[in-house]
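As stored in target-v6.cif (mmCIF, N, CA and C atoms):
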data_structure
#
loop_
_atom_site.label_atom_id
_atom_site.label_comp_id
_atom_site.auth_asym_id
_atom_site.auth_seq_id
_atom_site.Cartn_x
_atom_site.Cartn_y
_atom_site.Cartn_z
N ALA M 1 -18.40 84.15 126.65
CA ALA M 1 -18.07 85.50 126.24
C ALA M 1 -19.25 86.43 126.48
N GLU M 2 -20.45 85.96 126.20
CA GLU M 2 -21.62 86.83 126.40
C GLU M 2 -21.82 87.16 127.87
N GLN M 3 -21.46 86.23 128.77
CA GLN M 3 -21.62 86.47 130.20
C GLN M 3 -20.74 87.63 130.67
N SER M 4 -19.64 87.85 129.99
CA SER M 4 -18.75 88.95 130.37
C SER M 4 -19.10 90.24 129.64
N GLY M 5 -20.17 90.22 128.85
CA GLY M 5 -20.60 91.41 128.14
C GLY M 5 -19.96 91.58 126.77
N VAL M 6 -19.24 90.56 126.33
CA VAL M 6 -18.58 90.61 125.02
C VAL M 6 -19.38 89.72 124.08
N GLU M 7 -19.91 90.32 123.02
CA GLU M 7 -20.74 89.55 122.10
C GLU M 7 -20.03 89.34 120.77
N GLY M 8 -20.40 88.26 120.09
CA GLY M 8 -19.89 88.00 118.76
C GLY M 8 -18.67 87.11 118.71
N LEU M 9 -18.26 86.57 119.85
CA LEU M 9 -17.06 85.74 119.88
C LEU M 9 -17.33 84.26 120.16
N ASP M 10 -18.57 83.90 120.44
CA ASP M 10 -18.87 82.52 120.83
C ASP M 10 -18.42 81.50 119.79
N ASP M 11 -18.53 81.83 118.52
CA ASP M 11 -18.12 80.89 117.46
C ASP M 11 -16.61 80.66 117.46
N LEU M 12 -15.87 81.58 118.03
CA LEU M 12 -14.41 81.46 118.04
C LEU M 12 -13.90 80.53 119.13
N PHE M 13 -14.71 80.32 120.16
CA PHE M 13 -14.28 79.50 121.29
C PHE M 13 -14.66 78.04 121.11
N VAL M 14 -14.22 77.47 119.99
CA VAL M 14 -14.45 76.06 119.69
C VAL M 14 -13.08 75.41 119.57
N GLY M 15 -12.88 74.31 120.29
CA GLY M 15 -11.59 73.64 120.25
C GLY M 15 -10.57 74.39 121.10
N PRO M 16 -9.31 73.96 121.01
CA PRO M 16 -8.27 74.64 121.78
C PRO M 16 -8.19 76.11 121.38
N THR M 17 -8.24 76.97 122.38
CA THR M 17 -8.29 78.40 122.10
C THR M 17 -7.40 79.15 123.07
N ALA M 18 -6.63 80.06 122.55
CA ALA M 18 -5.83 80.97 123.38
C ALA M 18 -6.34 82.38 123.15
N ILE M 19 -6.24 83.19 124.17
CA ILE M 19 -6.69 84.57 124.07
C ILE M 19 -5.52 85.48 124.41
N ALA M 20 -5.31 86.49 123.61
CA ALA M 20 -4.25 87.47 123.87
C ALA M 20 -4.90 88.81 124.20
N PHE M 21 -4.58 89.33 125.38
CA PHE M 21 -5.05 90.66 125.78
C PHE M 21 -3.89 91.62 125.57
N VAL M 22 -4.17 92.73 124.94
CA VAL M 22 -3.10 93.65 124.58
C VAL M 22 -3.46 95.07 125.01
N GLU M 23 -2.49 95.75 125.61
CA GLU M 23 -2.61 97.18 125.86
C GLU M 23 -1.69 97.88 124.88
N GLY M 24 -2.10 99.01 124.40
CA GLY M 24 -1.24 99.73 123.46
C GLY M 24 -1.81 99.69 122.07
N GLU M 25 -0.91 99.71 121.11
CA GLU M 25 -1.30 99.81 119.71
C GLU M 25 -1.80 98.48 119.16
N PRO M 26 -3.04 98.43 118.66
CA PRO M 26 -3.57 97.19 118.10
C PRO M 26 -2.82 96.75 116.85
N VAL M 27 -2.30 97.69 116.08
CA VAL M 27 -1.56 97.33 114.87
C VAL M 27 -0.30 96.55 115.24
N ASP M 28 0.42 97.04 116.24
CA ASP M 28 1.65 96.35 116.67
C ASP M 28 1.34 94.95 117.18
N ALA M 29 0.25 94.82 117.94
CA ALA M 29 -0.12 93.51 118.47
C ALA M 29 -0.51 92.56 117.34
N ALA M 30 -1.31 93.03 116.40
CA ALA M 30 -1.73 92.19 115.27
C ALA M 30 -0.53 91.76 114.44
N LYS M 31 0.43 92.67 114.23
CA LYS M 31 1.64 92.34 113.48
C LYS M 31 2.44 91.25 114.21
N ALA M 32 2.60 91.41 115.52
CA ALA M 32 3.38 90.45 116.30
C ALA M 32 2.73 89.06 116.27
N ILE M 33 1.43 89.01 116.44
CA ILE M 33 0.73 87.72 116.43
C ILE M 33 0.80 87.08 115.05
N LYS M 34 0.62 87.88 114.01
CA LYS M 34 0.68 87.36 112.64
C LYS M 34 2.08 86.81 112.35
N GLU M 35 3.10 87.54 112.77
CA GLU M 35 4.49 87.11 112.54
C GLU M 35 4.78 85.82 113.32
N PHE M 36 4.31 85.74 114.56
CA PHE M 36 4.51 84.55 115.37
C PHE M 36 3.80 83.35 114.74
N ALA M 37 2.62 83.58 114.19
CA ALA M 37 1.84 82.50 113.58
C ALA M 37 2.52 81.94 112.34
N LYS M 38 3.31 82.77 111.64
CA LYS M 38 4.03 82.28 110.45
C LYS M 38 4.98 81.15 110.79
N GLY M 39 5.64 81.26 111.93
CA GLY M 39 6.60 80.24 112.34
C GLY M 39 6.01 79.14 113.20
N ASN M 40 4.76 79.26 113.56
CA ASN M 40 4.10 78.27 114.42
C ASN M 40 2.76 77.89 113.80
N GLN M 41 2.79 76.84 112.98
CA GLN M 41 1.60 76.47 112.22
C GLN M 41 0.43 76.03 113.09
N ASN M 42 0.69 75.70 114.35
CA ASN M 42 -0.40 75.32 115.24
C ASN M 42 -1.21 76.53 115.71
N LEU M 43 -0.63 77.70 115.57
CA LEU M 43 -1.35 78.92 115.95
C LEU M 43 -2.17 79.40 114.76
N VAL M 44 -3.46 79.39 114.92
CA VAL M 44 -4.38 79.85 113.88
C VAL M 44 -5.20 80.99 114.46
N VAL M 45 -5.12 82.14 113.85
CA VAL M 45 -5.91 83.28 114.32
C VAL M 45 -7.34 83.07 113.85
N LYS M 46 -8.26 83.06 114.80
CA LYS M 46 -9.67 82.83 114.50
C LYS M 46 -10.46 84.13 114.36
N GLY M 47 -9.94 85.18 114.94
CA GLY M 47 -10.65 86.46 114.91
C GLY M 47 -10.06 87.38 115.95
N GLY M 48 -10.78 88.43 116.24
CA GLY M 48 -10.32 89.40 117.22
C GLY M 48 -11.46 90.21 117.77
N TYR M 49 -11.12 91.11 118.66
CA TYR M 49 -12.12 91.96 119.29
C TYR M 49 -11.46 93.31 119.57
N MET M 50 -12.06 94.37 119.05
CA MET M 50 -11.47 95.69 119.25
C MET M 50 -12.56 96.74 119.24
N ASP M 51 -12.45 97.69 120.13
CA ASP M 51 -13.39 98.81 120.21
C ASP M 51 -14.84 98.35 120.31
N GLY M 52 -15.07 97.29 121.06
CA GLY M 52 -16.43 96.85 121.32
C GLY M 52 -17.08 96.00 120.25
N ARG M 53 -16.29 95.51 119.30
CA ARG M 53 -16.90 94.65 118.28
C ARG M 53 -15.95 93.53 117.87
N ALA M 54 -16.57 92.43 117.45
CA ALA M 54 -15.81 91.27 117.00
C ALA M 54 -15.23 91.55 115.62
N LEU M 55 -14.03 91.01 115.37
CA LEU M 55 -13.36 91.17 114.09
C LEU M 55 -13.19 89.82 113.42
N SER M 56 -13.35 89.78 112.13
CA SER M 56 -13.10 88.56 111.37
C SER M 56 -11.60 88.38 111.19
N VAL M 57 -11.20 87.22 110.70
CA VAL M 57 -9.78 86.95 110.44
C VAL M 57 -9.25 87.95 109.41
N SER M 58 -10.03 88.23 108.39
CA SER M 58 -9.57 89.17 107.36
C SER M 58 -9.40 90.57 107.93
N GLU M 59 -10.25 90.96 108.86
CA GLU M 59 -10.10 92.27 109.50
C GLU M 59 -8.84 92.33 110.36
N VAL M 60 -8.56 91.24 111.07
CA VAL M 60 -7.33 91.18 111.87
C VAL M 60 -6.12 91.25 110.95
N ASP M 61 -6.16 90.52 109.83
CA ASP M 61 -5.06 90.57 108.86
C ASP M 61 -4.90 91.98 108.29
N SER M 62 -6.01 92.63 108.02
CA SER M 62 -5.95 94.00 107.49
C SER M 62 -5.29 94.95 108.49
N ILE M 63 -5.62 94.78 109.76
CA ILE M 63 -5.01 95.60 110.81
C ILE M 63 -3.51 95.32 110.88
N ALA M 64 -3.14 94.04 110.78
CA ALA M 64 -1.72 93.67 110.83
C ALA M 64 -0.95 94.24 109.65
N ASP M 65 -1.61 94.46 108.53
CA ASP M 65 -0.95 94.98 107.34
C ASP M 65 -0.82 96.51 107.34
N LEU M 66 -1.47 97.17 108.30
CA LEU M 66 -1.36 98.62 108.38
C LEU M 66 0.03 99.03 108.84
N ASP M 67 0.42 100.26 108.51
CA ASP M 67 1.68 100.79 109.03
C ASP M 67 1.52 101.07 110.52
N SER M 68 2.63 101.04 111.23
CA SER M 68 2.59 101.34 112.66
C SER M 68 2.22 102.81 112.87
N ARG M 69 1.88 103.14 114.08
CA ARG M 69 1.50 104.51 114.42
C ARG M 69 2.64 105.48 114.11
N GLU M 70 3.86 105.07 114.45
CA GLU M 70 5.02 105.93 114.23
C GLU M 70 5.22 106.21 112.74
N VAL M 71 5.09 105.18 111.91
CA VAL M 71 5.26 105.35 110.46
C VAL M 71 4.17 106.27 109.92
N THR M 72 2.94 106.06 110.35
CA THR M 72 1.83 106.89 109.89
C THR M 72 2.03 108.34 110.29
N LEU M 73 2.44 108.57 111.54
CA LEU M 73 2.69 109.94 111.99
C LEU M 73 3.85 110.57 111.23
N GLY M 74 4.87 109.78 110.92
CA GLY M 74 6.00 110.29 110.15
C GLY M 74 5.58 110.70 108.75
N ARG M 75 4.76 109.88 108.12
CA ARG M 75 4.26 110.22 106.78
C ARG M 75 3.39 111.48 106.82
N LEU M 76 2.56 111.58 107.84
CA LEU M 76 1.70 112.75 107.98
C LEU M 76 2.55 114.00 108.18
N ALA M 77 3.57 113.91 109.03
CA ALA M 77 4.45 115.06 109.26
C ALA M 77 5.17 115.44 107.97
N GLY M 78 5.62 114.46 107.21
CA GLY M 78 6.29 114.74 105.94
C GLY M 78 5.36 115.43 104.95
N ALA M 79 4.12 114.97 104.89
CA ALA M 79 3.15 115.59 103.98
C ALA M 79 2.84 117.03 104.40
N MET M 80 2.72 117.23 105.72
CA MET M 80 2.45 118.58 106.22
C MET M 80 3.63 119.51 105.93
N LYS M 81 4.85 118.99 106.11
CA LYS M 81 6.04 119.81 105.85
C LYS M 81 6.12 120.19 104.37
N ALA M 82 5.81 119.24 103.50
CA ALA M 82 5.83 119.52 102.06
C ALA M 82 4.84 120.62 101.71
N LYS M 83 3.64 120.55 102.27
CA LYS M 83 2.63 121.58 102.00
C LYS M 83 3.07 122.94 102.55
N MET M 84 3.71 122.93 103.72
CA MET M 84 4.19 124.19 104.29
C MET M 84 5.29 124.78 103.41
N ASN M 85 6.17 123.93 102.87
CA ASN M 85 7.22 124.41 101.96
C ASN M 85 6.61 125.01 100.70
N GLU M 86 5.58 124.36 100.16
CA GLU M 86 4.90 124.89 98.98
C GLU M 86 4.29 126.26 99.28
N THR M 87 3.65 126.37 100.43
CA THR M 87 3.03 127.64 100.82
C THR M 87 4.08 128.72 101.00
N ALA M 88 5.18 128.38 101.65
CA ALA M 88 6.26 129.36 101.84
C ALA M 88 6.81 129.82 100.49
N ALA M 89 6.95 128.89 99.56
CA ALA M 89 7.46 129.25 98.23
C ALA M 89 6.51 130.20 97.52
N LEU M 90 5.21 130.03 97.73
CA LEU M 90 4.23 130.94 97.11
C LEU M 90 4.37 132.36 97.65
N PHE M 91 4.68 132.48 98.95
CA PHE M 91 4.86 133.80 99.53
C PHE M 91 6.18 134.44 99.13
N VAL M 92 7.21 133.64 98.96
CA VAL M 92 8.54 134.15 98.63
C VAL M 92 8.63 134.53 97.16
N ALA M 93 7.94 133.82 96.29
CA ALA M 93 8.05 134.04 94.85
C ALA M 93 7.76 135.49 94.44
N PRO M 94 6.66 136.11 94.88
CA PRO M 94 6.41 137.50 94.46
C PRO M 94 7.52 138.45 94.92
N ALA M 95 8.02 138.25 96.13
CA ALA M 95 9.08 139.13 96.63
C ALA M 95 10.34 138.99 95.79
N SER M 96 10.69 137.78 95.41
CA SER M 96 11.89 137.60 94.60
C SER M 96 11.68 138.15 93.19
N GLN M 97 10.46 138.08 92.68
CA GLN M 97 10.17 138.67 91.37
C GLN M 97 10.33 140.19 91.42
N VAL M 98 9.86 140.80 92.49
CA VAL M 98 10.00 142.24 92.65
C VAL M 98 11.48 142.61 92.74
N ALA M 99 12.25 141.83 93.47
CA ALA M 99 13.68 142.10 93.61
C ALA M 99 14.38 141.99 92.25
N ARG M 100 14.04 140.97 91.47
CA ARG M 100 14.65 140.82 90.14
C ARG M 100 14.25 141.97 89.22
N MET M 101 12.99 142.38 89.31
CA MET M 101 12.51 143.48 88.48
C MET M 101 13.23 144.78 88.87
N ALA M 102 13.39 145.02 90.16
CA ALA M 102 14.09 146.22 90.62
C ALA M 102 15.54 146.21 90.15
N ALA M 103 16.19 145.06 90.21
CA ALA M 103 17.57 144.94 89.75
C ALA M 103 17.66 145.20 88.25
N ALA M 104 16.70 144.70 87.49
CA ALA M 104 16.68 144.92 86.04
C ALA M 104 16.47 146.39 85.72
N LEU M 105 15.57 147.05 86.46
CA LEU M 105 15.33 148.48 86.24
C LEU M 105 16.58 149.29 86.58
N GLN M 106 17.22 148.93 87.67
CA GLN M 106 18.45 149.61 88.08
C GLN M 106 19.52 149.46 87.01
N GLU M 107 19.63 148.26 86.49
CA GLU M 107 20.62 147.99 85.44
C GLU M 107 20.29 148.78 84.18
N LYS M 108 19.01 148.86 83.85
CA LYS M 108 18.58 149.59 82.65
C LYS M 108 18.86 151.09 82.79
N LYS M 109 18.66 151.64 84.00
CA LYS M 109 18.93 153.05 84.25
C LYS M 109 20.42 153.33 84.12
N GLY M 110 21.23 152.35 84.48
CA GLY M 110 22.68 152.51 84.42
C GLY M 110 23.20 152.53 83.00
N GLU M 111 22.45 152.05 82.05
CA GLU M 111 22.91 152.00 80.65
C GLU M 111 22.91 153.31 80.02
#

Now that the file is in, can you turn its structure into structure tokens?
Amino acid sequence: AEQSGVEGLDDLFVGPTAIAFVEGEPVDAAKAIKEFAKGNQNLVVKGGYMDGRALSVSEVDSIADLDSREVTLGRLAGAMKAKMNETAALFVAPASQVARMAAALQEKKGE
């Protein structure tokens, strides 16, 4: 591993070892490997490598437990929409109060 410029993985290459190279979302890959390992007891995740550094088994598990990119973006969009609705309500409230007050004054003048 060090010969290829990747450090911190030498301890993982002991005994039978398979390597998975993944393009795309690391969360999706970690989830898929973790799910596959549940049904295949011979597959033991020893660690990982992402963004230039070695990952422990617990770090790989933590990544697998994260929500997917789509779910995270959906939650973010929902939170942003809720805040925008709150802001819009703040702008609308004074105008509706003025309208109610004008209607009350009009009604009072009519009496």

By how many Å are atom C of Lys46 of chain M and atom CA of Pro26 of chain M apart?
->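 Computed distance, atom C of Lys46 of chain M to atom CA of Pro26 of chain M, equals 15.2 Å.
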
Could you pull out all residues of chain M with a DSSP call of alpha helix (DSSP H) and give them as a PyMOL selection string?
-> chain M and resi 26-39+57-65+69-110

Could you spell out the hits of the PyMOL selection byres (((chain M and resi 57 and name CA) around 6) and name CA) on the shown file, as a short mmCIF file (atom, residue, chain, number, x, y, z; two decimals) with N, CA and C atoms, in the coordinates of the input?
data_model
loop_
_atom_site.label_atom_id
_atom_site.label_comp_id
_atom_site.auth_asym_id
_atom_site.auth_seq_id
_atom_site.Cartn_x
_atom_site.Cartn_y
_atom_site.Cartn_z
N LYS M 46 -8.26 83.06 114.80
CA LYS M 46 -9.67 82.83 114.50
C LYS M 46 -10.46 84.13 114.36
N GLY M 47 -9.94 85.18 114.94
CA GLY M 47 -10.65 86.46 114.91
C GLY M 47 -10.06 87.38 115.95
N SER M 56 -13.35 89.78 112.13
CA SER M 56 -13.10 88.56 111.37
C SER M 56 -11.60 88.38 111.19
N SER M 58 -10.03 88.23 108.39
CA SER M 58 -9.57 89.17 107.36
C SER M 58 -9.40 90.57 107.93
N GLU M 59 -10.25 90.96 108.86
CA GLU M 59 -10.10 92.27 109.50
C GLU M 59 -8.84 92.33 110.36
N VAL M 60 -8.56 91.24 111.07
CA VAL M 60 -7.33 91.18 111.87
C VAL M 60 -6.12 91.25 110.95
#

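The spacing separating atom N of Leu105 of chain M from atom C of Thr87 of chain M amounts to 26.1 Å.
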
Contact residues around Pro16 of chain M with only C-alpha atoms at 12 Å, ignoring same-chain residues under 2 positions, as a PyMOL selection string | chain M and resi 12-14+18-19+42-46

All residues 8 Å or closer to Asp67 of chain M, only N, CA and C atoms, same chain fewer than 5 positions away omitted, as a ChimeraX atom specification | /M:27-28,62,72-73

Between atom N of Asp61 of chain M and atom C of Glu35 of chain M - distance in Å to one decimal |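 About the pair atom C of Glu35 of chain M and atom N of Asp61 of chain M: they are 12.4 Å apart.
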
Looking at M:Lys31, M:Arg53, M:Lys81, M:Lys38, which one is nearest to Val6 of chain M, with distances taken over only N, CA and C atoms?
->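 Smallest distance to Val6 of chain M is found for M:Arg53.
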
Can you report as JSON the centre and edge lengths in Å, to one decimal, of an axis-aligned box around the listed atoms of segment 30-49 of chain M padded with 8 Å on each side?
{"center_x": -2.8, "center_y": 84.3, "center_z": 115.0, "size_x": 34.7, "size_y": 34.0, "size_z": 25.1}

Restricting the calculation to all atoms listed in the file, which member of M:Lys109, M:Phe91, M:Arg69, M:Ala79 is positioned closest to Glu25 of chain M?
-> M:Arg69

Please report, as an MDAnalysis selection string, each residue of segment 28-103 of chain M to which DSSP assigns strand (DSSP E or B) when run on this structure's backbone.
-> chainID M and resid 48:50 53:55
